[in-house]
file my_file.txt (compact mmCIF, C-alpha atoms)
# COMPACT_ATOMS: atom_id res chain seq x y z
CA MET A 1 3.88 83.06 -174.94
CA PRO A 2 3.75 81.71 -178.53
CA SER A 3 2.76 78.12 -178.86
CA SER A 4 5.36 75.52 -179.72
CA PRO A 5 5.47 73.91 -183.18
CA ILE A 6 4.22 70.67 -181.62
CA GLN A 7 1.16 72.41 -180.12
CA ALA A 8 0.45 74.14 -183.43
CA LEU A 9 0.67 70.83 -185.26
CA ALA A 10 -1.65 69.19 -182.74
CA ARG A 11 -4.27 71.91 -183.26
CA HIS A 12 -3.92 71.55 -187.02
CA LEU A 13 -4.50 67.81 -186.81
CA GLU A 14 -7.56 68.31 -184.62
CA ASP A 15 -9.12 70.54 -187.26
CA MET A 16 -8.52 68.09 -190.10
CA PRO A 17 -11.45 65.89 -191.18
CA ALA A 18 -11.27 62.35 -189.90
CA GLN A 19 -9.45 60.12 -192.34
CA ALA A 20 -11.07 57.14 -193.95
CA LYS A 21 -10.68 54.05 -191.83
CA PRO A 22 -9.01 51.06 -193.44
CA ALA A 23 -11.27 48.43 -194.90
CA VAL A 24 -11.78 45.40 -192.70
CA THR A 25 -12.64 41.83 -193.40
CA PRO A 26 -16.33 41.58 -192.46
CA GLY A 27 -16.66 40.00 -189.05
CA THR A 28 -19.04 41.32 -186.43
CA MET A 29 -21.44 44.19 -186.99
CA ARG A 30 -19.18 46.27 -184.78
CA ASP A 31 -16.26 45.60 -187.16
CA VAL A 32 -18.38 46.77 -190.07
CA LEU A 33 -19.52 49.98 -188.39
CA ASP A 34 -15.98 50.70 -187.20
CA SER A 35 -14.82 50.64 -190.82
CA VAL A 36 -17.16 53.45 -191.94
CA PRO A 37 -15.24 56.77 -192.16
CA ASP A 38 -16.30 59.45 -189.66
CA PRO A 39 -16.95 62.70 -191.59
CA ARG A 40 -16.41 64.94 -188.55
CA LYS A 41 -13.34 66.80 -187.38
CA ARG A 42 -11.61 65.14 -184.46
CA ARG A 43 -12.05 68.06 -182.08
CA GLY A 44 -15.13 67.95 -179.86
CA ILE A 45 -16.46 64.53 -180.79
CA ARG A 46 -18.58 63.30 -177.90
CA TYR A 47 -20.49 60.44 -179.49
CA GLY A 48 -18.64 57.91 -181.64
CA LEU A 49 -19.86 57.21 -185.15
CA THR A 50 -20.11 53.49 -184.47
CA GLY A 51 -22.55 54.13 -181.62
CA ILE A 52 -24.68 56.54 -183.66
CA LEU A 53 -24.89 54.06 -186.53
CA ALA A 54 -25.73 51.24 -184.12
CA LEU A 55 -28.64 53.12 -182.57
CA ALA A 56 -29.88 54.16 -186.04
CA ILE A 57 -29.90 50.53 -187.20
CA CYS A 58 -31.80 49.43 -184.11
CA ALA A 59 -34.32 52.25 -184.50
CA VAL A 60 -35.02 51.43 -188.15
CA LEU A 61 -35.42 47.76 -187.22
CA SER A 62 -38.07 49.03 -184.80
CA GLY A 63 -39.89 50.92 -187.54
CA ALA A 64 -38.33 54.41 -187.37
CA LYS A 65 -38.83 56.19 -190.70
CA SER A 66 -37.01 59.50 -190.13
CA PHE A 67 -34.16 61.02 -188.12
CA ALA A 68 -36.69 62.41 -185.64
CA GLU A 69 -38.15 58.92 -185.10
CA ILE A 70 -34.66 57.48 -184.71
CA ALA A 71 -33.92 60.02 -181.97
CA GLU A 72 -37.28 59.44 -180.27
CA TRP A 73 -36.80 55.67 -180.23
CA ALA A 74 -33.26 56.04 -178.86
CA ALA A 75 -34.33 58.47 -176.13
CA ASP A 76 -37.48 56.63 -175.08
CA THR A 77 -37.49 52.90 -175.80
CA GLY A 78 -33.80 52.35 -176.41
CA ARG A 79 -32.02 54.47 -173.80
CA ASN A 80 -31.44 51.84 -171.09
CA PRO A 81 -30.67 48.85 -173.38
CA LEU A 82 -28.35 51.03 -175.47
CA ALA A 83 -26.60 52.29 -172.33
CA LYS A 84 -26.02 48.70 -171.19
CA ALA A 85 -24.40 48.06 -174.56
CA GLY A 86 -22.18 51.10 -174.10
CA ILE A 87 -24.06 53.22 -176.67
CA GLY A 88 -24.83 56.83 -175.83
CA VAL A 89 -27.95 58.68 -176.98
CA PRO A 90 -27.18 62.07 -178.56
CA HIS A 91 -29.66 64.84 -179.34
CA VAL A 92 -31.66 64.62 -182.57
CA THR A 93 -29.65 67.43 -184.15
CA THR A 94 -26.45 65.47 -183.62
CA ILE A 95 -27.96 62.32 -185.10
CA GLN A 96 -29.26 64.20 -188.13
CA ARG A 97 -26.10 66.21 -188.70
CA VAL A 98 -23.81 63.17 -188.48
CA LEU A 99 -25.91 60.72 -190.49
CA ALA A 100 -26.55 63.27 -193.24
CA ARG A 101 -22.78 63.52 -193.81
CA ILE A 102 -21.99 59.80 -193.94
CA ASP A 103 -20.38 58.62 -197.17
CA GLY A 104 -23.18 56.50 -198.62
CA ASP A 105 -20.85 54.50 -200.86
CA ALA A 106 -18.58 53.63 -197.93
CA PHE A 107 -21.52 52.58 -195.75
CA ASP A 108 -23.15 50.47 -198.48
CA THR A 109 -19.85 48.84 -199.40
CA ALA A 110 -19.12 47.87 -195.79
CA ILE A 111 -22.63 46.60 -195.08
CA GLY A 112 -22.91 44.84 -198.45
CA ALA A 113 -19.65 42.97 -197.93
CA TRP A 114 -20.84 41.82 -194.50
CA VAL A 115 -24.25 40.63 -195.77
CA THR A 116 -22.61 38.88 -198.72
CA ALA A 117 -20.27 37.04 -196.34
CA GLN A 118 -23.28 35.88 -194.28
CA VAL A 119 -25.57 34.63 -197.08
CA LYS A 120 -23.01 33.50 -199.72
CA PRO A 121 -25.19 34.30 -202.76
CA ALA A 122 -25.27 32.24 -205.94
CA VAL A 123 -27.81 34.25 -207.97
CA ILE A 124 -27.93 38.06 -207.83
CA ALA A 125 -30.61 40.40 -209.15
CA VAL A 126 -29.69 43.93 -210.21
CA ASP A 127 -32.57 46.40 -210.09
CA GLY A 128 -33.13 50.12 -209.53
CA LYS A 129 -35.70 52.28 -207.77
CA GLU A 130 -36.40 56.00 -207.46
CA VAL A 131 -37.29 57.32 -203.99
CA ARG A 132 -40.15 59.50 -205.15
CA GLY A 133 -40.72 61.75 -202.15
CA ALA A 134 -37.10 62.41 -201.20
CA LYS A 135 -34.63 64.80 -202.78
CA ASN A 136 -30.88 65.12 -202.51
CA GLY A 137 -29.39 68.14 -200.79
CA GLY A 138 -29.34 70.04 -204.10
CA GLY A 139 -32.97 69.20 -204.86
CA SER A 140 -32.22 66.45 -207.38
CA ARG A 141 -33.96 63.08 -207.51
CA VAL A 142 -32.83 60.10 -205.47
CA HIS A 143 -32.43 57.02 -207.67
CA LEU A 144 -30.73 53.95 -206.24
CA MET A 145 -29.70 50.66 -207.84
CA ALA A 146 -29.22 47.57 -205.70
CA ALA A 147 -27.91 44.02 -205.97
CA VAL A 148 -30.16 41.52 -204.20
CA ASP A 149 -29.68 37.84 -203.36
CA HIS A 150 -32.39 35.72 -205.01
CA ALA A 151 -32.46 33.07 -202.30
CA THR A 152 -32.80 35.28 -199.24
CA GLY A 153 -33.96 38.67 -200.50
CA THR A 154 -31.05 40.37 -198.72
CA VAL A 155 -29.41 43.49 -200.17
CA LEU A 156 -25.78 42.90 -201.13
CA GLY A 157 -24.86 46.31 -202.50
CA GLN A 158 -26.21 49.66 -203.63
CA VAL A 159 -25.11 52.66 -205.69
CA ASP A 160 -26.58 56.12 -206.16
CA VAL A 161 -27.64 56.82 -209.76
CA GLY A 162 -27.00 60.53 -210.22
CA VAL A 163 -29.04 62.85 -212.42
CA LYS A 164 -26.22 63.07 -214.97
CA THR A 165 -26.01 59.33 -215.52
CA ASN A 166 -28.23 56.22 -215.53
CA GLU A 167 -28.35 52.64 -214.32
CA ILE A 168 -26.54 51.33 -217.39
CA THR A 169 -23.34 53.25 -216.69
CA LEU A 170 -23.31 52.16 -213.02
CA PHE A 171 -23.92 48.45 -213.60
CA THR A 172 -20.22 47.59 -213.42
CA THR A 173 -19.67 50.06 -210.56
CA LEU A 174 -22.22 48.15 -208.48
CA LEU A 175 -20.80 44.73 -209.30
CA ASP A 176 -17.22 45.90 -208.78
CA LYS A 177 -18.11 45.95 -205.08
CA PHE A 178 -18.09 42.14 -205.13
CA THR A 179 -14.59 40.80 -204.69
CA ASP A 180 -15.55 37.47 -206.28
CA LEU A 181 -18.26 36.92 -208.90
CA ASP A 182 -16.81 33.67 -210.19
CA GLY A 183 -19.58 31.16 -210.90
CA MET A 184 -22.39 33.53 -209.89
CA VAL A 185 -25.49 34.20 -211.98
CA VAL A 186 -26.65 37.80 -212.46
CA THR A 187 -30.22 38.57 -213.54
CA ALA A 188 -31.31 41.97 -214.83
CA ASP A 189 -34.11 43.61 -216.80
CA ALA A 190 -33.98 44.70 -220.43
CA MET A 191 -32.18 47.96 -219.65
CA HIS A 192 -29.06 45.98 -218.81
CA THR A 193 -29.14 43.74 -221.87
CA GLN A 194 -25.98 45.40 -223.11
CA ARG A 195 -23.07 43.79 -224.91
CA SER A 196 -20.63 45.57 -222.62
CA HIS A 197 -22.39 44.11 -219.56
CA ALA A 198 -22.23 40.60 -220.99
CA THR A 199 -18.53 41.02 -221.73
CA TYR A 200 -17.87 42.39 -218.24
CA LEU A 201 -19.64 39.49 -216.52
CA HIS A 202 -17.80 36.93 -218.64
CA GLY A 203 -14.51 38.59 -217.69
CA ARG A 204 -15.43 38.27 -214.00
CA GLY A 205 -16.29 34.58 -214.42
CA ALA A 206 -20.02 35.20 -213.92
CA HIS A 207 -23.06 34.29 -216.04
CA TYR A 208 -26.03 36.42 -217.08
CA VAL A 209 -29.77 35.89 -217.51
CA LEU A 210 -31.14 38.95 -219.32
CA CYS A 211 -34.52 40.03 -220.65
CA VAL A 212 -34.64 41.12 -224.31
CA LYS A 213 -37.00 43.91 -225.34
CA GLY A 214 -37.18 46.84 -227.74
CA ASN A 215 -33.94 48.47 -226.66
CA GLN A 216 -32.16 45.62 -228.49
CA ARG A 217 -34.39 45.45 -231.57
CA SER A 218 -32.04 43.44 -233.73
CA LEU A 219 -31.51 40.84 -231.01
CA GLN A 220 -35.23 40.78 -230.25
CA ARG A 221 -36.04 40.11 -233.93
CA GLN A 222 -33.49 37.31 -234.02
CA LEU A 223 -35.01 35.63 -230.98
CA LYS A 224 -38.57 36.01 -232.24
CA ALA A 225 -37.55 34.38 -235.53
CA LEU A 226 -36.39 31.17 -233.87
CA PRO A 227 -38.67 28.14 -234.59
CA TRP A 228 -40.50 28.24 -231.26
CA LYS A 229 -43.48 26.27 -232.57
CA ASP A 230 -41.20 23.27 -232.98
CA VAL A 231 -39.67 23.62 -229.50
CA PRO A 232 -41.30 21.55 -226.73
CA VAL A 233 -42.31 23.13 -223.47
CA GLY A 234 -39.37 22.93 -221.10
CA ASP A 235 -41.13 23.88 -217.88
CA ARG A 236 -44.52 25.08 -216.70
CA GLN A 237 -45.14 26.86 -213.40
CA ARG A 238 -48.58 27.67 -212.03
CA TYR A 239 -49.24 30.16 -209.27
CA ARG A 240 -52.08 31.63 -207.26
CA SER A 241 -51.29 34.62 -205.07
CA HIS A 242 -52.13 38.29 -204.41
CA GLY A 243 -55.61 37.83 -205.86
CA ARG A 244 -54.39 36.44 -209.19
CA THR A 245 -53.88 33.06 -210.79
CA GLY A 246 -51.75 32.18 -213.77
CA SER A 247 -49.00 30.14 -215.36
CA ARG A 248 -45.54 30.63 -216.85
CA VAL A 249 -44.43 28.41 -219.72
CA ILE A 250 -40.83 28.42 -220.90
CA LYS A 251 -39.26 27.04 -224.06
CA VAL A 252 -35.47 26.97 -224.36
CA VAL A 253 -33.14 26.49 -227.33
CA THR A 254 -29.38 26.17 -227.51
CA ILE A 255 -27.65 28.91 -229.47
CA GLU A 256 -25.11 27.53 -231.90
CA ALA A 257 -24.59 30.44 -234.31
CA GLY A 258 -26.26 33.53 -235.71
CA ILE A 259 -27.26 35.28 -232.46
CA LEU A 260 -25.15 38.40 -232.20
CA PHE A 261 -24.70 38.76 -228.46
CA PRO A 262 -21.50 38.06 -226.51
CA HIS A 263 -21.18 34.61 -224.91
CA ALA A 264 -24.85 33.71 -225.48
CA ALA A 265 -25.46 29.99 -224.93
CA GLN A 266 -29.26 29.65 -224.65
CA ALA A 267 -32.34 31.64 -225.59
CA ALA A 268 -35.76 31.32 -223.99
CA GLN A 269 -39.33 32.24 -224.78
CA ILE A 270 -41.57 32.73 -221.74
CA THR A 271 -45.35 32.96 -222.10
CA ARG A 272 -47.19 34.33 -219.08
CA ARG A 273 -50.94 33.95 -218.65
CA SER A 274 -52.73 35.54 -215.70
CA ARG A 275 -56.11 36.79 -214.54
CA PRO A 276 -57.68 38.15 -211.37
CA LEU A 277 -59.51 35.54 -209.30
CA THR A 278 -62.67 37.61 -209.78
CA SER A 279 -62.44 37.55 -213.58
CA ARG A 280 -62.48 34.98 -216.37
CA LYS A 281 -60.48 37.16 -218.79
CA TRP A 282 -56.87 36.13 -219.28
CA SER A 283 -53.99 38.44 -220.16
CA VAL A 284 -51.16 36.88 -222.15
CA GLU A 285 -47.60 38.19 -222.52
CA THR A 286 -44.62 36.69 -224.31
CA VAL A 287 -41.08 37.75 -223.44
CA TYR A 288 -37.65 36.59 -224.54
CA MET A 289 -34.54 35.90 -222.50
CA ILE A 290 -30.91 35.22 -223.26
CA THR A 291 -28.29 33.60 -221.06
CA SER A 292 -24.63 32.67 -221.11
CA LEU A 293 -25.40 29.49 -219.18
CA PRO A 294 -25.24 26.31 -221.25
CA ALA A 295 -27.94 23.67 -220.93
CA ARG A 296 -25.82 21.49 -218.64
CA LYS A 297 -25.68 24.35 -216.10
CA ALA A 298 -29.19 25.76 -216.42
CA SER A 299 -32.28 23.66 -217.10
CA PRO A 300 -35.53 25.22 -218.34
CA ALA A 301 -36.98 24.89 -214.82
CA GLN A 302 -34.02 26.75 -213.33
CA LEU A 303 -34.24 29.54 -215.90
CA ASN A 304 -37.99 29.84 -215.31
CA ALA A 305 -37.41 30.10 -211.57
CA TRP A 306 -34.60 32.66 -211.92
CA VAL A 307 -36.66 34.89 -214.20
CA ARG A 308 -39.58 34.81 -211.81
CA GLY A 309 -37.18 35.31 -208.92
CA HIS A 310 -35.89 38.50 -210.50
CA TRP A 311 -39.37 39.93 -210.84
CA THR A 312 -40.22 39.13 -207.21
CA ILE A 313 -37.50 41.58 -206.12
CA GLU A 314 -40.12 44.25 -206.70
CA ASN A 315 -42.16 42.73 -203.88
CA ARG A 316 -39.39 41.55 -201.58
CA LEU A 317 -37.41 44.82 -201.60
CA HIS A 318 -39.11 47.78 -203.27
CA TRP A 319 -42.62 47.05 -201.98
CA THR A 320 -41.30 46.47 -198.45
CA ARG A 321 -39.33 49.72 -198.47
CA ASP A 322 -42.37 51.60 -199.79
CA VAL A 323 -45.12 50.10 -197.66
CA THR A 324 -43.48 48.90 -194.44
CA PHE A 325 -40.96 51.74 -194.17
CA ALA A 326 -42.96 54.42 -196.08
CA GLU A 327 -39.98 55.22 -198.29
CA ASP A 328 -41.84 56.99 -201.10
CA GLY A 329 -43.44 59.30 -198.54
CA SER A 330 -40.08 60.32 -197.12
CA GLN A 331 -39.35 64.05 -197.24
CA VAL A 332 -35.72 63.73 -196.11
CA ARG A 333 -33.62 66.18 -198.13
CA THR A 334 -30.50 67.01 -196.09
CA GLY A 335 -27.12 66.12 -197.57
CA ASN A 336 -26.65 62.37 -198.00
CA ALA A 337 -29.63 61.64 -195.72
CA PRO A 338 -31.98 60.14 -198.38
CA ARG A 339 -29.32 57.68 -199.51
CA LEU A 340 -28.38 56.72 -195.96
CA MET A 341 -31.98 56.20 -194.85
CA ALA A 342 -32.51 53.89 -197.84
CA SER A 343 -29.33 52.03 -196.87
CA LEU A 344 -30.59 51.63 -193.30
CA ARG A 345 -33.88 50.25 -194.63
CA ASN A 346 -31.96 47.84 -196.86
CA LEU A 347 -29.97 46.62 -193.88
CA ALA A 348 -33.09 46.25 -191.73
CA ILE A 349 -34.77 44.18 -194.46
CA SER A 350 -31.64 42.06 -194.84
CA LEU A 351 -31.40 41.42 -191.09
CA TYR A 352 -35.05 40.38 -190.96
CA ARG A 353 -34.61 38.12 -194.00
CA MET A 354 -31.55 36.52 -192.41
CA ALA A 355 -33.67 35.89 -189.32
CA LYS A 356 -36.18 34.01 -191.55
CA THR A 357 -38.87 36.65 -190.98
CA THR A 358 -41.85 36.29 -193.33
CA ASN A 359 -43.91 39.32 -192.24
CA ILE A 360 -41.56 42.28 -191.77
CA ALA A 361 -44.32 44.75 -190.90
CA LYS A 362 -45.42 42.55 -188.00
CA ALA A 363 -41.81 41.95 -187.00
CA THR A 364 -41.03 45.68 -186.75
CA ARG A 365 -43.97 46.16 -184.39
CA HIS A 366 -42.73 43.27 -182.28
CA THR A 367 -39.19 44.65 -182.22
CA ALA A 368 -40.37 48.17 -181.36
CA ARG A 369 -41.74 46.99 -178.01
CA ASN A 370 -38.36 45.81 -176.72
CA ALA A 371 -35.04 47.42 -177.63
CA HIS A 372 -33.12 44.27 -176.66
CA ARG A 373 -34.77 42.55 -179.64
CA ALA A 374 -33.39 45.21 -181.97
CA LEU A 375 -29.87 44.80 -180.58
CA ARG A 376 -30.07 41.04 -181.03
CA LEU A 377 -31.38 41.36 -184.58
CA ALA A 378 -28.64 43.85 -185.45
CA ARG A 379 -26.07 41.40 -184.06
CA ILE A 380 -24.49 44.19 -182.09
CA ARG A 381 -22.26 42.73 -179.41
CA PRO A 382 -19.94 45.67 -178.78
CA SER A 383 -17.41 46.30 -176.07
CA PRO A 384 -18.98 49.01 -173.85
CA ALA A 385 -15.67 50.88 -173.84
CA THR A 386 -15.70 51.41 -177.61
CA LEU A 387 -19.28 52.43 -178.42
CA HIS A 388 -20.12 55.72 -176.80
call {"tool": "encode", "arguments": {"input": "my_file.txt", "output": "structure tokens"}}
result
Amino acid sequence: MPSSPIQALARHLEDMPAQAKPAVTPGTMRDVLDSVPDPRKRRGIRYGLTGILALAICAVLSGAKSFAEIAEWAADTGRNPLAKAGIGVPHVTTIQRVLARIDGDAFDTAIGAWVTAQVKPAVIAVDGKEVRGAKNGGGSRVHLMAAVDHATGTVLGQVDVGVKTNEITLFTTLLDKFTDLDGMVVTADAMHTQRSHATYLHGRGAHYVLCVKGNQRSLQRQLKALPWKDVPVGDRQRYRSHGRTGSRVIKVVTIEAGILFPHAAQAAQITRRSRPLTSRKWSVETVYMITSLPARKASPAQLNAWVRGHWTIENRLHWTRDVTFAEDGSQVRTGNAPRLMASLRNLAISLYRMAKTTNIAKATRHTARNAHRALRLARIRPSPATLH
């Protein structure tokens, strides 16, 4: 007997890809994961996407570095605690197949909005990194650019820099993910010292602190020509860490006219001196900065701290992803998997930073011994009926 039109329509709907879920106001971690679109067809789904993402987050918090390690952690260490939280444990092929199809932009946007709501950033660093060992599904490089909170080291957003573009063109795409930039300060390296970026930030009510190098030769010459010898030292910072000692001296001048860069209010000259503790030979480097912040809003000491804070992102994020989570050794190459694994590492780092963790490598070993710790760190308090 031929099927009715209603039955035919029902089968058609089952075969359609799951629609994007509406965006939610960041609340609990469960709310965030629920908002990520499920890439699978409705028919035959046994394990919900929210549950798969939850177990992946917990596994990465416990040190898992691949889909196989995520599955092993879930099946061995995490099975009983996850079951008590209403989270099922699928086979590794299911985990890999589902996570490799997740929309990386949707996941990063949802997670970034949640982290931003928790830490309420005031100063944001924009910086990029290539995942050297991994390749996208088509064999192309994996290059990601992130926005990081200076104060906490948490990751607030991330975009994939494709092979046909670069970080410059995606600067505004990354910052468009923030619903409100009013009053915030954005730091970036010389690549992003672009007039269009300065104009964009001003239009969003934000301020910039940018490094000036050879890519803006005319601006660099203008800053070098300022009478720095007559400018008193505004701030001096000394440091001794990682086997080196040194100092950072900053001089700052107010820009009144003649500097051809949008909304520039102050220029700075920073002289860095450093040497290994085992040597008496100093290396000296002088760099120039430009900012839209007037003197009443940014003292020399604040500018010095923000510039140094931007450079420490290399240690607080990139070094941690490389060393603690072995990111550059990753050989993940399936679909969106490289991007998603980087996003999971970002979230793990953010959760540890929000927990005031100072040694993340030690913390992952501690978490790996007890799955309940991972669930607490991930702030997963789901209803058992909804995560399966």
call {"tool": "residues_around", "arguments": {"input": "my_file.txt", "residues": "Asn336 in chain A", "least_positions_apart": "2", "cutoff": "6 Å", "atoms": "all atoms listed in the file", "output": "list of chain:residue names"}}
result
A:Ala100, A:Arg101, A:Pro338, A:Arg339
call {"tool": "closest_residue", "arguments": {"input": "my_file.txt", "among": "A:Trp319, A:Leu347, A:Ala371, A:Glu69", "to": "Ile57 in chain A", "atoms": "only C-alpha atoms"}}
result
A:Leu347
call {"tool": "closest_residue", "arguments": {"input": "my_file.txt", "among": "A:Lys177, A:Arg43, A:His310, A:His143", "to": "Ala106 in chain A", "atoms": "all atoms listed in the file"}}
result
A:Lys177
call {"tool": "residues_around", "arguments": {"input": "my_file.txt", "residues": "Gln302 in chain A", "least_positions_apart": "6", "cutoff": "12 Å", "atoms": "all atoms listed in the file", "output": "ChimeraX atom specification"}}
result
/A:123,185,209,234-237,250-252,268,291,293-296,308-309
call {"tool": "closest_atom_pairs", "arguments": {"input": "my_file.txt", "of": "range 42-124 of chain A", "to": "range 150-164 of chain A", "cutoff": "9 Å", "atoms": "all atoms listed in the file", "output": "Markdown table"}}
result
| residue | atom | partner | partner_atom | distance |
| --- | --- | --- | --- | --- |
| A:Gly104 | CA | A:Val159 | CA | 8.3 |
| A:Asp105 | CA | A:Val159 | CA | 6.7 |
| A:Asp108 | CA | A:Gly157 | CA | 6.0 |
| A:Thr109 | CA | A:Gly157 | CA | 6.4 |
| A:Ala110 | CA | A:Gly157 | CA | 9.0 |
| A:Ile111 | CA | A:Gly157 | CA | 7.8 |
| A:Gly112 | CA | A:Leu156 | CA | 4.4 |
| A:Ala113 | CA | A:Leu156 | CA | 6.9 |
| A:Trp114 | CA | A:Leu156 | CA | 8.3 |
| A:Val115 | CA | A:Leu156 | CA | 6.0 |
| A:Thr116 | CA | A:Leu156 | CA | 5.7 |
| A:Val119 | CA | A:Thr152 | CA | 7.6 |
| A:Pro121 | CA | A:Ala151 | CA | 7.4 |
| A:Ala122 | CA | A:His150 | CA | 8.0 |
| A:Val123 | CA | A:His150 | CA | 5.6 |
| A:Ile124 | CA | A:His150 | CA | 5.8 |
call {"tool": "residues_around", "arguments": {"input": "my_file.txt", "residues": "Val89 in chain A", "least_positions_apart": "6", "cutoff": "7 Å", "atoms": "only C-alpha atoms", "output": "VMD selection string"}}
result
chain A and resid 74 to 75 79
call {"tool": "residues_near_point", "arguments": {"input": "my_file.txt", "point": "(-34.3, 32.9, -224.1)", "cutoff": "8 Å", "atoms": "only C-alpha atoms", "output": "MDAnalysis selection string"}}
result
chainID A and resid 211 223 251:253 266:270 288:291
call {"tool": "closest_residue", "arguments": {"input": "my_file.txt", "among": "A:Thr254, A:Thr94, A:Asn359, A:Asn370", "to": "Ala298 in chain A", "atoms": "all atoms listed in the file"}}
result
A:Thr254
call {"tool": "residues_around", "arguments": {"input": "my_file.txt", "residues": "Arg345 in chain A", "least_positions_apart": "2", "cutoff": "12 Å", "atoms": "only C-alpha atoms", "output": "number ranges by chain"}}
result
A: 56-66, 108, 111, 154-155, 158, 317-327, 338-343, 347-352, 360, 364
call {"tool": "atom_distance", "arguments": {"input": "my_file.txt", "atom1": "CA of Asp34 in chain A", "atom2": "CA of Ala378 in chain A"}}
result
14.5 Å
call {"tool": "atom_distance", "arguments": {"input": "my_file.txt", "atom1": "CA of Arg30 in chain A", "atom2": "CA of Thr77 in chain A"}}
result
21.4 Å
call {"tool": "residues_around", "arguments": {"input": "my_file.txt", "residues": "Tyr208 in chain A", "least_positions_apart": "2", "cutoff": "9 Å", "atoms": "all atoms listed in the file", "output": "PDB file with C-alpha atoms, keeping the file's coordinate frame"}}
result
ATOM      1  CA  MET A 184     -22.390  33.530-209.890  1.00  0.00           C
ATOM      2  CA  VAL A 185     -25.490  34.200-211.980  1.00  0.00           C
ATOM      3  CA  VAL A 186     -26.650  37.800-212.460  1.00  0.00           C
ATOM      4  CA  THR A 187     -30.220  38.570-213.540  1.00  0.00           C
ATOM      5  CA  ALA A 188     -31.310  41.970-214.830  1.00  0.00           C
ATOM      6  CA  HIS A 197     -22.390  44.110-219.560  1.00  0.00           C
ATOM      7  CA  ALA A 198     -22.230  40.600-220.990  1.00  0.00           C
ATOM      8  CA  LEU A 201     -19.640  39.490-216.520  1.00  0.00           C
ATOM      9  CA  HIS A 202     -17.800  36.930-218.640  1.00  0.00           C
ATOM     10  CA  ALA A 206     -20.020  35.200-213.920  1.00  0.00           C
ATOM     11  CA  LEU A 210     -31.140  38.950-219.320  1.00  0.00           C
ATOM     12  CA  ALA A 264     -24.850  33.710-225.480  1.00  0.00           C
ATOM     13  CA  ILE A 290     -30.910  35.220-223.260  1.00  0.00           C
ATOM     14  CA  THR A 291     -28.290  33.600-221.060  1.00  0.00           C
ATOM     15  CA  SER A 292     -24.630  32.670-221.110  1.00  0.00           C
ATOM     16  CA  LEU A 293     -25.400  29.490-219.180  1.00  0.00           C
TER      17      LEU A 293
END
call {"tool": "closest_residue", "arguments": {"input": "my_file.txt", "among": "A:Gly246, A:Gly78, A:Gly86, A:Gly51", "to": "Val98 in chain A", "atoms": "only C-alpha atoms"}}
result
A:Gly51
call {"tool": "atom_distance", "arguments": {"input": "my_file.txt", "atom1": "CA of Ile102 in chain A", "atom2": "CA of Leu55 in chain A"}}
result
14.8 Å
call {"tool": "closest_residue", "arguments": {"input": "my_file.txt", "among": "A:Gly48, A:Pro90, A:Gly128, A:Gly27", "to": "Ile70 in chain A", "atoms": "all atoms listed in the file"}}
result
A:Pro90
call {"tool": "closest_residue", "arguments": {"input": "my_file.txt", "among": "A:Val233, A:Ile52, A:Ala147, A:Met191", "to": "Glu167 in chain A", "atoms": "all atoms listed in the file"}}
result
A:Met191
call {"tool": "residues_near_point", "arguments": {"input": "my_file.txt", "point": "(-24.9, 55.7, -172.6)", "cutoff": "10 Å", "atoms": "all atoms listed in the file", "output": "ChimeraX atom specification"}}
result
/A:47,51,79-90,384,387-388
call {"tool": "write_last_selection", "arguments": {"input": "my_file.txt", "atoms": "C-alpha atoms", "output": "compact mmCIF listing (two decimals), in the frame of the given file"}}
result
# COMPACT_ATOMS: atom_id res chain seq x y z
CA TYR A 47 -20.49 60.44 -179.49
CA GLY A 51 -22.55 54.13 -181.62
CA ARG A 79 -32.02 54.47 -173.80
CA ASN A 80 -31.44 51.84 -171.09
CA PRO A 81 -30.67 48.85 -173.38
CA LEU A 82 -28.35 51.03 -175.47
CA ALA A 83 -26.60 52.29 -172.33
CA LYS A 84 -26.02 48.70 -171.19
CA ALA A 85 -24.40 48.06 -174.56
CA GLY A 86 -22.18 51.10 -174.10
CA ILE A 87 -24.06 53.22 -176.67
CA GLY A 88 -24.83 56.83 -175.83
CA VAL A 89 -27.95 58.68 -176.98
CA PRO A 90 -27.18 62.07 -178.56
CA PRO A 384 -18.98 49.01 -173.85
CA LEU A 387 -19.28 52.43 -178.42
CA HIS A 388 -20.12 55.72 -176.80
